[in-house]
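What follows is the content of entry.cif (mmCIF, C-alpha atoms).
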data_upload
loop_
_atom_site.group_PDB
_atom_site.id
_atom_site.type_symbol
_atom_site.label_atom_id
_atom_site.label_comp_id
_atom_site.auth_asym_id
_atom_site.auth_seq_id
_atom_site.Cartn_x
_atom_site.Cartn_y
_atom_site.Cartn_z
ATOM 1 C CA MET A 11 14.817 -28.865 16.112
ATOM 2 C CA THR A 12 12.684 -26.359 14.207
ATOM 3 C CA SER A 13 10.785 -27.333 11.104
ATOM 4 C CA ALA A 14 12.048 -26.218 7.708
ATOM 5 C CA ILE A 15 10.828 -22.814 6.582
ATOM 6 C CA PRO A 16 8.854 -23.119 3.341
ATOM 7 C CA ASP A 17 9.584 -20.701 0.535
ATOM 8 C CA ALA A 18 7.068 -18.105 -0.543
ATOM 9 C CA VAL A 19 4.631 -19.493 -3.120
ATOM 10 C CA LEU A 20 3.896 -17.660 -6.391
ATOM 11 C CA ASP A 21 0.185 -17.507 -7.122
ATOM 12 C CA PHE A 22 -2.158 -15.568 -9.404
ATOM 13 C CA ILE A 23 -5.676 -14.283 -8.854
ATOM 14 C CA ASP A 24 -8.135 -12.713 -11.286
ATOM 15 C CA VAL A 25 -9.448 -9.242 -10.460
ATOM 16 C CA GLY A 26 -12.023 -7.180 -12.340
ATOM 17 C CA GLU A 27 -14.339 -8.105 -15.188
ATOM 18 C CA GLY A 28 -14.571 -7.541 -18.931
ATOM 19 C CA SER A 29 -12.043 -5.098 -20.345
ATOM 20 C CA SER A 30 -10.723 -4.318 -16.843
ATOM 21 C CA ALA A 31 -9.961 -7.975 -15.984
ATOM 22 C CA ARG A 32 -6.354 -8.598 -14.950
ATOM 23 C CA ARG A 33 -4.207 -11.286 -13.322
ATOM 24 C CA ILE A 34 -2.470 -10.234 -10.137
ATOM 25 C CA ALA A 35 0.774 -11.976 -9.152
ATOM 26 C CA VAL A 36 1.079 -12.776 -5.437
ATOM 27 C CA ARG A 37 3.895 -14.293 -3.390
ATOM 28 C CA HIS A 38 2.712 -15.620 -0.042
ATOM 29 C CA ARG A 39 4.094 -17.738 2.743
ATOM 30 C CA ALA A 40 2.204 -19.413 5.559
ATOM 31 C CA GLY A 41 3.110 -18.792 9.175
ATOM 32 C CA ARG A 42 3.917 -21.557 11.612
ATOM 33 C CA GLY A 43 0.499 -21.233 13.222
ATOM 34 C CA SER A 44 -1.556 -18.731 15.145
ATOM 35 C CA GLY A 45 -0.637 -19.631 18.707
ATOM 36 C CA PRO A 46 0.503 -17.229 21.458
ATOM 37 C CA GLY A 47 3.577 -15.261 20.506
ATOM 38 C CA GLN A 48 3.222 -16.097 16.830
ATOM 39 C CA GLY A 49 2.813 -12.491 15.778
ATOM 40 C CA PRO A 50 0.660 -10.928 13.049
ATOM 41 C CA GLY A 51 1.120 -11.644 9.370
ATOM 42 C CA LEU A 52 2.779 -9.082 7.098
ATOM 43 C CA VAL A 53 1.238 -7.533 3.980
ATOM 44 C CA TRP A 54 3.558 -5.574 1.676
ATOM 45 C CA LEU A 55 2.104 -2.727 -0.408
ATOM 46 C CA GLY A 56 4.636 -1.431 -2.902
ATOM 47 C CA GLY A 57 5.164 1.962 -4.446
ATOM 48 C CA PHE A 58 4.303 3.598 -7.768
ATOM 49 C CA LYS A 59 6.080 1.672 -10.551
ATOM 50 C CA SER A 60 7.726 -0.632 -7.994
ATOM 51 C CA ASP A 61 7.358 -4.395 -7.740
ATOM 52 C CA MET A 62 7.423 -7.067 -5.046
ATOM 53 C CA GLN A 63 11.013 -8.071 -5.804
ATOM 54 C CA GLY A 64 12.446 -4.832 -4.396
ATOM 55 C CA GLY A 65 14.942 -4.856 -1.545
ATOM 56 C CA LYS A 66 12.536 -3.888 1.248
ATOM 57 C CA ALA A 67 9.841 -6.373 0.157
ATOM 58 C CA VAL A 68 12.327 -9.244 -0.099
ATOM 59 C CA ALA A 69 13.912 -8.348 3.259
ATOM 60 C CA LEU A 70 10.515 -8.328 4.977
ATOM 61 C CA ASP A 71 9.615 -11.661 3.424
ATOM 62 C CA GLY A 72 12.916 -13.111 4.604
ATOM 63 C CA TRP A 73 12.346 -11.775 8.128
ATOM 64 C CA ALA A 74 8.850 -13.275 8.129
ATOM 65 C CA GLY A 75 10.303 -16.643 7.109
ATOM 66 C CA GLU A 76 12.910 -16.524 9.888
ATOM 67 C CA HIS A 77 10.265 -15.711 12.488
ATOM 68 C CA GLY A 78 7.586 -18.105 11.274
ATOM 69 C CA ARG A 79 5.284 -15.278 10.222
ATOM 70 C CA ALA A 80 2.816 -15.334 7.384
ATOM 71 C CA ALA A 81 3.677 -12.818 4.656
ATOM 72 C CA VAL A 82 1.987 -11.595 1.484
ATOM 73 C CA ARG A 83 3.410 -9.373 -1.255
ATOM 74 C CA PHE A 84 2.023 -8.728 -4.728
ATOM 75 C CA ASP A 85 2.284 -6.601 -7.847
ATOM 76 C CA TYR A 86 -0.441 -4.126 -8.747
ATOM 77 C CA SER A 87 -1.850 -4.430 -12.258
ATOM 78 C CA GLY A 88 0.620 -3.023 -14.783
ATOM 79 C CA HIS A 89 3.488 -3.685 -12.366
ATOM 80 C CA GLY A 90 6.027 -6.512 -12.134
ATOM 81 C CA GLU A 91 4.607 -9.956 -12.871
ATOM 82 C CA SER A 92 0.958 -8.891 -12.952
ATOM 83 C CA SER A 93 -0.891 -8.363 -16.215
ATOM 84 C CA GLY A 94 -2.263 -5.084 -17.484
ATOM 85 C CA ASP A 95 -0.867 -1.854 -18.878
ATOM 86 C CA PHE A 96 0.641 0.556 -16.344
ATOM 87 C CA ALA A 97 -0.998 3.490 -18.143
ATOM 88 C CA ASP A 98 -4.462 1.992 -17.470
ATOM 89 C CA GLY A 99 -3.938 1.893 -13.711
ATOM 90 C CA THR A 100 -5.536 4.216 -11.179
ATOM 91 C CA ILE A 101 -5.528 4.515 -7.396
ATOM 92 C CA GLY A 102 -8.976 2.907 -7.389
ATOM 93 C CA SER A 103 -7.986 -0.079 -9.534
ATOM 94 C CA TRP A 104 -4.813 -0.676 -7.508
ATOM 95 C CA LEU A 105 -6.878 -0.468 -4.313
ATOM 96 C CA GLU A 106 -9.211 -3.072 -5.810
ATOM 97 C CA ASP A 107 -6.147 -5.282 -6.382
ATOM 98 C CA SER A 108 -5.071 -4.752 -2.774
ATOM 99 C CA ILE A 109 -8.487 -5.612 -1.324
ATOM 100 C CA ALA A 110 -8.740 -8.766 -3.450
ATOM 101 C CA VAL A 111 -5.300 -9.976 -2.334
ATOM 102 C CA PHE A 112 -6.026 -9.224 1.321
ATOM 103 C CA GLU A 113 -9.338 -11.087 1.253
ATOM 104 C CA ARG A 114 -7.880 -14.091 -0.554
ATOM 105 C CA PHE A 115 -4.608 -14.611 1.286
ATOM 106 C CA CYS A 116 -4.885 -13.097 4.773
ATOM 107 C CA THR A 117 -6.226 -14.688 7.950
ATOM 108 C CA GLY A 118 -6.006 -13.292 11.474
ATOM 109 C CA PRO A 119 -4.232 -10.063 12.552
ATOM 110 C CA GLN A 120 -2.131 -8.367 9.861
ATOM 111 C CA ILE A 121 0.409 -5.545 9.737
ATOM 112 C CA LEU A 122 0.123 -3.484 6.544
ATOM 113 C CA ILE A 123 3.532 -2.229 5.404
ATOM 114 C CA GLY A 124 3.288 0.418 2.709
ATOM 115 C CA SER A 125 6.085 2.209 0.869
ATOM 116 C CA SER A 126 5.513 5.545 -0.886
ATOM 117 C CA MET A 127 2.261 5.063 -2.863
ATOM 118 C CA GLY A 128 1.888 1.867 -0.827
ATOM 119 C CA GLY A 129 1.492 4.076 2.226
ATOM 120 C CA TRP A 130 -1.598 5.612 0.627
ATOM 121 C CA MET A 131 -2.796 2.126 -0.336
ATOM 122 C CA ALA A 132 -2.273 0.919 3.249
ATOM 123 C CA LEU A 133 -4.389 3.774 4.612
ATOM 124 C CA LEU A 134 -7.158 3.125 2.073
ATOM 125 C CA LEU A 135 -7.065 -0.639 2.635
ATOM 126 C CA ALA A 136 -7.065 -0.187 6.430
ATOM 127 C CA ARG A 137 -10.066 2.125 6.180
ATOM 128 C CA GLU A 138 -11.913 -0.428 4.046
ATOM 129 C CA ILE A 139 -11.093 -3.268 6.480
ATOM 130 C CA LYS A 140 -12.313 -1.172 9.423
ATOM 131 C CA ARG A 141 -15.505 -0.248 7.556
ATOM 132 C CA ARG A 142 -16.270 -3.877 6.742
ATOM 133 C CA GLN A 143 -15.630 -5.015 10.307
ATOM 134 C CA GLU A 144 -17.923 -2.332 11.707
ATOM 135 C CA SER A 145 -20.594 -3.270 9.178
ATOM 136 C CA LEU A 146 -20.263 -6.922 10.165
ATOM 137 C CA GLN A 147 -20.662 -6.114 13.849
ATOM 138 C CA GLU A 148 -23.787 -4.058 13.145
ATOM 139 C CA ASN A 149 -25.352 -6.899 11.172
ATOM 140 C CA GLN A 150 -24.432 -9.807 13.445
ATOM 141 C CA GLN A 151 -27.989 -10.095 14.701
ATOM 142 C CA GLU A 152 -29.392 -10.606 11.208
ATOM 143 C CA ASN A 153 -29.816 -13.878 9.333
ATOM 144 C CA GLN A 154 -26.750 -16.043 9.936
ATOM 145 C CA GLN A 155 -26.731 -17.491 6.425
ATOM 146 C CA GLU A 156 -26.705 -14.040 4.845
ATOM 147 C CA ASN A 157 -23.717 -13.115 6.997
ATOM 148 C CA GLN A 158 -21.677 -16.172 6.092
ATOM 149 C CA GLN A 159 -19.953 -14.483 3.169
ATOM 150 C CA GLU A 160 -19.236 -11.362 5.214
ATOM 151 C CA ASN A 161 -17.680 -13.514 7.927
ATOM 152 C CA GLN A 162 -15.312 -14.923 5.312
ATOM 153 C CA GLN A 163 -14.391 -11.436 4.197
ATOM 154 C CA ALA A 164 -13.759 -10.313 7.785
ATOM 155 C CA LYS A 165 -11.555 -13.259 8.766
ATOM 156 C CA ALA A 166 -8.470 -11.012 8.687
ATOM 157 C CA SER A 167 -8.044 -7.981 10.926
ATOM 158 C CA LEU A 168 -5.686 -5.035 11.387
ATOM 159 C CA ALA A 169 -2.836 -5.199 13.895
ATOM 160 C CA GLY A 170 -1.153 -1.995 12.729
ATOM 161 C CA LEU A 171 0.488 -0.037 9.914
ATOM 162 C CA VAL A 172 4.138 0.642 9.089
ATOM 163 C CA LEU A 173 4.426 3.404 6.490
ATOM 164 C CA ILE A 174 7.706 4.123 4.700
ATOM 165 C CA ALA A 175 7.967 7.582 3.090
ATOM 166 C CA PRO A 176 4.162 7.479 2.768
ATOM 167 C CA ALA A 177 2.668 9.405 -0.139
ATOM 168 C CA PRO A 178 -1.088 9.717 0.484
ATOM 169 C CA ASP A 179 -2.848 12.007 -2.014
ATOM 170 C CA PHE A 180 0.358 12.193 -4.092
ATOM 171 C CA THR A 181 -1.489 12.468 -7.411
ATOM 172 C CA GLU A 182 -2.945 15.789 -6.227
ATOM 173 C CA GLU A 183 -0.501 17.168 -3.636
ATOM 174 C CA LEU A 184 2.834 16.035 -5.069
ATOM 175 C CA MET A 185 2.002 15.812 -8.769
ATOM 176 C CA TRP A 186 -0.834 18.003 -10.013
ATOM 177 C CA LYS A 187 -0.260 20.974 -7.692
ATOM 178 C CA ASN A 188 3.439 21.026 -8.605
ATOM 179 C CA PHE A 189 3.109 20.549 -12.353
ATOM 180 C CA SER A 190 3.827 23.526 -14.591
ATOM 181 C CA PRO A 191 0.982 25.032 -16.632
ATOM 182 C CA GLU A 192 2.545 23.425 -19.728
ATOM 183 C CA VAL A 193 2.523 19.940 -18.202
ATOM 184 C CA LYS A 194 -1.048 20.368 -16.962
ATOM 185 C CA GLN A 195 -2.157 21.471 -20.431
ATOM 186 C CA GLU A 196 -0.448 18.463 -22.027
ATOM 187 C CA ILE A 197 -2.205 16.083 -19.640
ATOM 188 C CA GLU A 198 -5.563 17.730 -20.248
ATOM 189 C CA THR A 199 -5.249 17.834 -24.033
ATOM 190 C CA LYS A 200 -3.294 14.649 -24.857
ATOM 191 C CA GLY A 201 -4.526 12.624 -21.877
ATOM 192 C CA PHE A 202 -1.013 11.944 -20.567
ATOM 193 C CA TRP A 203 2.465 13.349 -20.011
ATOM 194 C CA LEU A 204 5.679 11.322 -20.170
ATOM 195 C CA ARG A 205 7.480 12.012 -16.921
ATOM 196 C CA PRO A 206 11.279 11.629 -16.818
ATOM 197 C CA SER A 207 12.412 8.948 -14.368
ATOM 198 C CA GLU A 208 15.438 8.801 -12.080
ATOM 199 C CA TYR A 209 14.703 5.201 -11.130
ATOM 200 C CA GLY A 210 14.972 1.846 -12.898
ATOM 201 C CA ASP A 211 16.349 2.161 -16.420
ATOM 202 C CA GLY A 212 15.444 5.840 -16.609
ATOM 203 C CA THR A 213 12.681 5.345 -19.196
ATOM 204 C CA PRO A 214 10.013 8.098 -18.995
ATOM 205 C CA TYR A 215 6.595 6.872 -17.850
ATOM 206 C CA PRO A 216 3.083 8.196 -18.459
ATOM 207 C CA ILE A 217 1.165 10.282 -15.944
ATOM 208 C CA THR A 218 -2.400 10.048 -17.250
ATOM 209 C CA ARG A 219 -5.346 12.353 -16.877
ATOM 210 C CA LYS A 220 -7.292 9.343 -15.637
ATOM 211 C CA LEU A 221 -4.750 8.742 -12.842
ATOM 212 C CA ILE A 222 -5.000 12.358 -11.659
ATOM 213 C CA GLU A 223 -8.782 12.658 -11.916
ATOM 214 C CA GLU A 224 -9.604 9.257 -10.413
ATOM 215 C CA GLY A 225 -7.123 9.861 -7.588
ATOM 216 C CA ARG A 226 -9.375 12.672 -6.356
ATOM 217 C CA ASN A 227 -11.920 10.030 -5.325
ATOM 218 C CA HIS A 228 -9.488 8.640 -2.718
ATOM 219 C CA LEU A 229 -7.934 11.680 -1.026
ATOM 220 C CA VAL A 230 -7.434 11.189 2.728
ATOM 221 C CA LEU A 231 -5.578 14.263 4.011
ATOM 222 C CA GLY A 232 -8.658 16.479 4.071
ATOM 223 C CA GLY A 233 -9.925 15.086 7.379
ATOM 224 C CA ALA A 234 -9.214 12.814 10.325
ATOM 225 C CA ILE A 235 -7.994 9.263 9.604
ATOM 226 C CA ASP A 236 -9.045 7.009 12.471
ATOM 227 C CA LEU A 237 -7.964 3.433 11.796
ATOM 228 C CA GLY A 238 -8.141 2.078 15.338
ATOM 229 C CA CYS A 239 -4.634 0.575 15.292
ATOM 230 C CA PRO A 240 -1.021 1.651 15.929
ATOM 231 C CA VAL A 241 0.856 3.421 13.130
ATOM 232 C CA ARG A 242 4.624 3.727 12.648
ATOM 233 C CA ILE A 243 5.969 6.131 10.011
ATOM 234 C CA LEU A 244 9.561 6.234 8.753
ATOM 235 C CA GLN A 245 10.548 9.241 6.676
ATOM 236 C CA GLY A 246 13.862 10.393 5.196
ATOM 237 C CA ALA A 247 14.681 14.068 5.666
ATOM 238 C CA GLN A 248 16.573 14.050 2.338
ATOM 239 C CA ASP A 249 13.687 12.538 0.359
ATOM 240 C CA PRO A 250 13.418 14.396 -2.989
ATOM 241 C CA ASP A 251 10.126 12.725 -3.973
ATOM 242 C CA VAL A 252 8.033 12.837 -0.789
ATOM 243 C CA PRO A 253 9.128 15.783 1.386
ATOM 244 C CA TRP A 254 9.224 15.223 5.136
ATOM 245 C CA GLN A 255 6.525 17.881 5.525
ATOM 246 C CA HIS A 256 4.130 15.465 3.806
ATOM 247 C CA ALA A 257 4.685 12.882 6.542
ATOM 248 C CA PHE A 258 4.050 15.574 9.173
ATOM 249 C CA ALA A 259 0.781 16.480 7.448
ATOM 250 C CA LEU A 260 -0.261 12.830 7.640
ATOM 251 C CA THR A 261 0.534 12.507 11.349
ATOM 252 C CA HIS A 262 -1.729 15.482 12.055
ATOM 253 C CA ARG A 263 -4.624 13.557 10.498
ATOM 254 C CA LEU A 264 -4.027 10.458 12.634
ATOM 255 C CA PRO A 265 -5.120 10.071 16.286
ATOM 256 C CA ALA A 266 -2.386 11.182 18.697
ATOM 257 C CA ASP A 267 -2.271 7.879 20.552
ATOM 258 C CA ASP A 268 0.126 5.173 19.345
ATOM 259 C CA VAL A 269 1.378 7.026 16.268
ATOM 260 C CA VAL A 270 5.168 7.380 16.003
ATOM 261 C CA LEU A 271 6.986 9.310 13.263
ATOM 262 C CA THR A 272 10.708 8.553 12.869
ATOM 263 C CA LEU A 273 12.617 11.159 10.851
ATOM 264 C CA ILE A 274 15.838 9.718 9.408
ATOM 265 C CA GLN A 275 18.086 12.750 8.959
ATOM 266 C CA ASP A 276 20.250 11.302 6.154
ATOM 267 C CA GLY A 277 17.498 9.120 4.650
ATOM 268 C CA ASP A 278 16.424 9.325 0.995
ATOM 269 C CA HIS A 279 13.165 8.179 -0.581
ATOM 270 C CA ARG A 280 14.023 4.523 -0.987
ATOM 271 C CA LEU A 281 15.090 3.883 2.637
ATOM 272 C CA SER A 282 16.625 0.618 1.421
ATOM 273 C CA ARG A 283 20.035 0.779 3.129
ATOM 274 C CA PRO A 284 20.761 -1.951 5.701
ATOM 275 C CA GLN A 285 20.237 0.509 8.563
ATOM 276 C CA ASP A 286 16.924 1.648 7.048
ATOM 277 C CA ILE A 287 15.674 -1.923 6.641
ATOM 278 C CA ALA A 288 16.694 -2.619 10.246
ATOM 279 C CA ARG A 289 14.520 0.312 11.374
ATOM 280 C CA ILE A 290 11.600 -0.969 9.284
ATOM 281 C CA LEU A 291 11.869 -4.447 10.802
ATOM 282 C CA ALA A 292 12.129 -2.941 14.297
ATOM 283 C CA ALA A 293 8.909 -0.982 13.667
ATOM 284 C CA VAL A 294 7.147 -4.163 12.527
ATOM 285 C CA ALA A 295 8.395 -6.059 15.594
ATOM 286 C CA GLU A 296 7.267 -3.236 17.880
ATOM 287 C CA ILE A 297 3.683 -3.509 16.675
ATOM 288 C CA GLY A 298 3.649 -7.222 17.354
#
Please re-express this file's structure in structure tokens.
Amino acid sequence: MTSAIPDAVLDFIDVGEGSSARRIAVRHRAGRGSGPGQGPGLVWLGGFKSDMQGGKAVALDGWAGEHGRAAVRFDYSGHGESSGDFADGTIGSWLEDSIAVFERFCTGPQILIGSSMGGWMALLLAREIKRRQESLQENQQENQQENQQENQQAKASLAGLVLIAPAPDFTEELMWKNFSPEVKQEIETKGFWLRPSEYGDGTPYPITRKLIEEGRNHLVLGGAIDLGCPVRILQGAQDPDVPWQHAFALTHRLPADDVVLTLIQDGDHRLSRPQDIARILAAVAEIG
């Protein structure tokens, strides 16, 4: 007889200081242990203006519960149940949210699962985890007490990435470069442009000058992206928001070994149909 599967727990953590302080909502569930065959934990990184109660996030959490896996999902500041104004958010501040959640709630090997903007976040978070682990290894011979905090930060590691319609560099490549001169001028003069939305309730949302300019500090497609772990990418060929060519551009920046791109011929941007979710779960299971 198996033990009862506990529900995911809602928690909040404080990120940032002063005027940039915000409360980040996190739902996390513990795994059944870390023994052989247990499998890595799952970390969900949502998309731009999405929240952790979306179909893919909930399905992954349910799968984790059924398989005794640890799972973490959260809302970026200005999204869902987290505090903050969406218009104040940037790629850098949402990455800061992601790092804080990972450090607080993750132990042992983890699979980062990123959808759309979350794919960019997963790449940035993975790069930061790898950097910290390499720094820790270099400093292991130094004073043990000084390294105690770093050891805490490095307690979680990367098992792999599953990227769903990933949108790295989207603020530059998919937004700014495609905006009309009129839209660009409005952003530069007013500081924002209200973009029409085909999702949610259809309410237009602000694209700020700060979002565009700060995003340039985190571009990844200009060079090689070596994360040292397997990567699985699922991309819809009928995606109107992130064209399949964008996923191809990303694969060319990743090492050739253990990177698999699956092109779903009739897939849209959401990839939330039952057959799409089945493919996502299969990619997670394939990594470990």
- Query: Quick one: distance from CA of Leu273 in chain A to CA of Gly246 in chain A in Å, one decimal?
  - Reply: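 For CA of Leu273 in chain A relative to CA of Gly246 in chain A, the distance reads 5.8 Å.
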Edge lengths and centre in Å, axis-aligned, range 230-245 of chain A plus 3 Å each side, as AutoDock Vina command-line options:
--center_x 0.3 --center_y 8.5 --center_z 9.3 --size_x 26.5 --size_y 21.9 --size_z 19.2
- Note on the structure: CA of Ser108 in chain A to CA of Leu271 in chain A measures 24.5 Å
- Message: I'd like the neighbourhood of Asp85 in chain A as an MDAnalysis selection string, where a residue qualifies if any of its atoms comes within 10 Å (using only C-alpha atoms), though same-chain residues fewer than 6 positions away should be ignored.
- Response: chainID A and resid 33:37 54:57 59:63 91:93 104 107:108 111
With C-alpha atoms retained, export the selected residues as a PDB file, in the frame of the given file.
ATOM      1  CA  ARG A  33      -4.207 -11.286 -13.322  1.00  0.00           C
ATOM      2  CA  ILE A  34      -2.470 -10.234 -10.137  1.00  0.00           C
ATOM      3  CA  ALA A  35       0.774 -11.976  -9.152  1.00  0.00           C
ATOM      4  CA  VAL A  36       1.079 -12.776  -5.437  1.00  0.00           C
ATOM      5  CA  ARG A  37       3.895 -14.293  -3.390  1.00  0.00           C
ATOM      6  CA  TRP A  54       3.558  -5.574   1.676  1.00  0.00           C
ATOM      7  CA  LEU A  55       2.104  -2.727  -0.408  1.00  0.00           C
ATOM      8  CA  GLY A  56       4.636  -1.431  -2.902  1.00  0.00           C
ATOM      9  CA  GLY A  57       5.164   1.962  -4.446  1.00  0.00           C
ATOM     10  CA  LYS A  59       6.080   1.672 -10.551  1.00  0.00           C
ATOM     11  CA  SER A  60       7.726  -0.632  -7.994  1.00  0.00           C
ATOM     12  CA  ASP A  61       7.358  -4.395  -7.740  1.00  0.00           C
ATOM     13  CA  MET A  62       7.423  -7.067  -5.046  1.00  0.00           C
ATOM     14  CA  GLN A  63      11.013  -8.071  -5.804  1.00  0.00           C
ATOM     15  CA  GLU A  91       4.607  -9.956 -12.871  1.00  0.00           C
ATOM     16  CA  SER A  92       0.958  -8.891 -12.952  1.00  0.00           C
ATOM     17  CA  SER A  93      -0.891  -8.363 -16.215  1.00  0.00           C
ATOM     18  CA  TRP A 104      -4.813  -0.676  -7.508  1.00  0.00           C
ATOM     19  CA  ASP A 107      -6.147  -5.282  -6.382  1.00  0.00           C
ATOM     20  CA  SER A 108      -5.071  -4.752  -2.774  1.00  0.00           C
ATOM     21  CA  VAL A 111      -5.300  -9.976  -2.334  1.00  0.00           C
TER      22      VAL A 111
END
- Hey, what's within 10 Å of Glu223 in chain A if we count only C-alpha atoms and toss same-chain stuff fewer than 5 positions away? As JSON, numbers by chain, please? {"A": [100, 101, 181, 182, 186, 218]}
- Which residues, written as a ChimeraX atom specification, have at least one atom at most 12 Å from Asn227 in chain A, with only C-alpha atoms counted and residues fewer than 2 positions away on the same chain left out? /A:100-103,105,134,179,181-182,220-225,229-230,232
- Task: Would you be able to write out as a ChimeraX atom specification which residues have an atom within 10 Å of (-6.6, -10.7, -2.7) in the file's coordinates, counting all atoms listed in the file?
- Result: /A:22-25,34-36,82,84,106-116
Take the selection from the previous step and output its residues with C-alpha atoms, as a PDB file, in the frame of the given file.
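Ended up saving to result_39.pdb:
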ATOM      1  CA  PHE A  22      -2.158 -15.568  -9.404  1.00  0.00           C
ATOM      2  CA  ILE A  23      -5.676 -14.283  -8.854  1.00  0.00           C
ATOM      3  CA  ASP A  24      -8.135 -12.713 -11.286  1.00  0.00           C
ATOM      4  CA  VAL A  25      -9.448  -9.242 -10.460  1.00  0.00           C
ATOM      5  CA  ILE A  34      -2.470 -10.234 -10.137  1.00  0.00           C
ATOM      6  CA  ALA A  35       0.774 -11.976  -9.152  1.00  0.00           C
ATOM      7  CA  VAL A  36       1.079 -12.776  -5.437  1.00  0.00           C
ATOM      8  CA  VAL A  82       1.987 -11.595   1.484  1.00  0.00           C
ATOM      9  CA  PHE A  84       2.023  -8.728  -4.728  1.00  0.00           C
ATOM     10  CA  GLU A 106      -9.211  -3.072  -5.810  1.00  0.00           C
ATOM     11  CA  ASP A 107      -6.147  -5.282  -6.382  1.00  0.00           C
ATOM     12  CA  SER A 108      -5.071  -4.752  -2.774  1.00  0.00           C
ATOM     13  CA  ILE A 109      -8.487  -5.612  -1.324  1.00  0.00           C
ATOM     14  CA  ALA A 110      -8.740  -8.766  -3.450  1.00  0.00           C
ATOM     15  CA  VAL A 111      -5.300  -9.976  -2.334  1.00  0.00           C
ATOM     16  CA  PHE A 112      -6.026  -9.224   1.321  1.00  0.00           C
ATOM     17  CA  GLU A 113      -9.338 -11.087   1.253  1.00  0.00           C
ATOM     18  CA  ARG A 114      -7.880 -14.091  -0.554  1.00  0.00           C
ATOM     19  CA  PHE A 115      -4.608 -14.611   1.286  1.00  0.00           C
ATOM     20  CA  CYS A 116      -4.885 -13.097   4.773  1.00  0.00           C
TER      21      CYS A 116
END
- Message: On this structure, the PyMOL selection byres ((chain A and resi 249-253) around 8) would catch which residues? List them as a list in words, sorted by chain and number.
- Response: Ser126, Ala175, Pro176, Ala177, Leu184, Gln245, Gly246, Ala247, Gln248, Trp254, Gln255, His256, Ala257, Gly277, Asp278 and His279 of chain A
- Quick one: everything within 8 Å of Val294 in chain A, counting all atoms listed in the file, minus sequence neighbours fewer than 4 positions away in the same chain. Send it as a PyMOL selection string. chain A and resi 121+172+290+298
- Task: Work out how far apart CA of Arg280 in chain A and CA of Leu133 in chain A are and give it in Å to one decimal.
- Result: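 Going from CA of Arg280 in chain A over to CA of Leu133 in chain A covers 19.3 Å.
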- Please provide the set of residues having any atom within 10 Å of Thr261 in chain A, restricted to all atoms listed in the file, with same-chain residues fewer than 3 positions apart removed, written as a ChimeraX atom specification. /A:231,234-235,241-243,255-258,264-266,269-271
- Message: Under the rule that all atoms listed in the file are counted, which of A:Ser87, A:Arg205, A:Gly128, A:Ala295 is the nearest residue to Trp73 in chain A?
- Response: A:Ala295
- Message: Running the PyMOL selection byres ((chain A and resi 136) around 9) on this model by hand, what would come out? Give it as a count of residues only.
- Response: 15
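Minimum atom-to-atom distances from A:Lys187, A:Glu27, A:Ala259, A:Arg32 to Asp95 in chain A were compared using only C-alpha atoms, and the lowest value belongs to A:Arg32.
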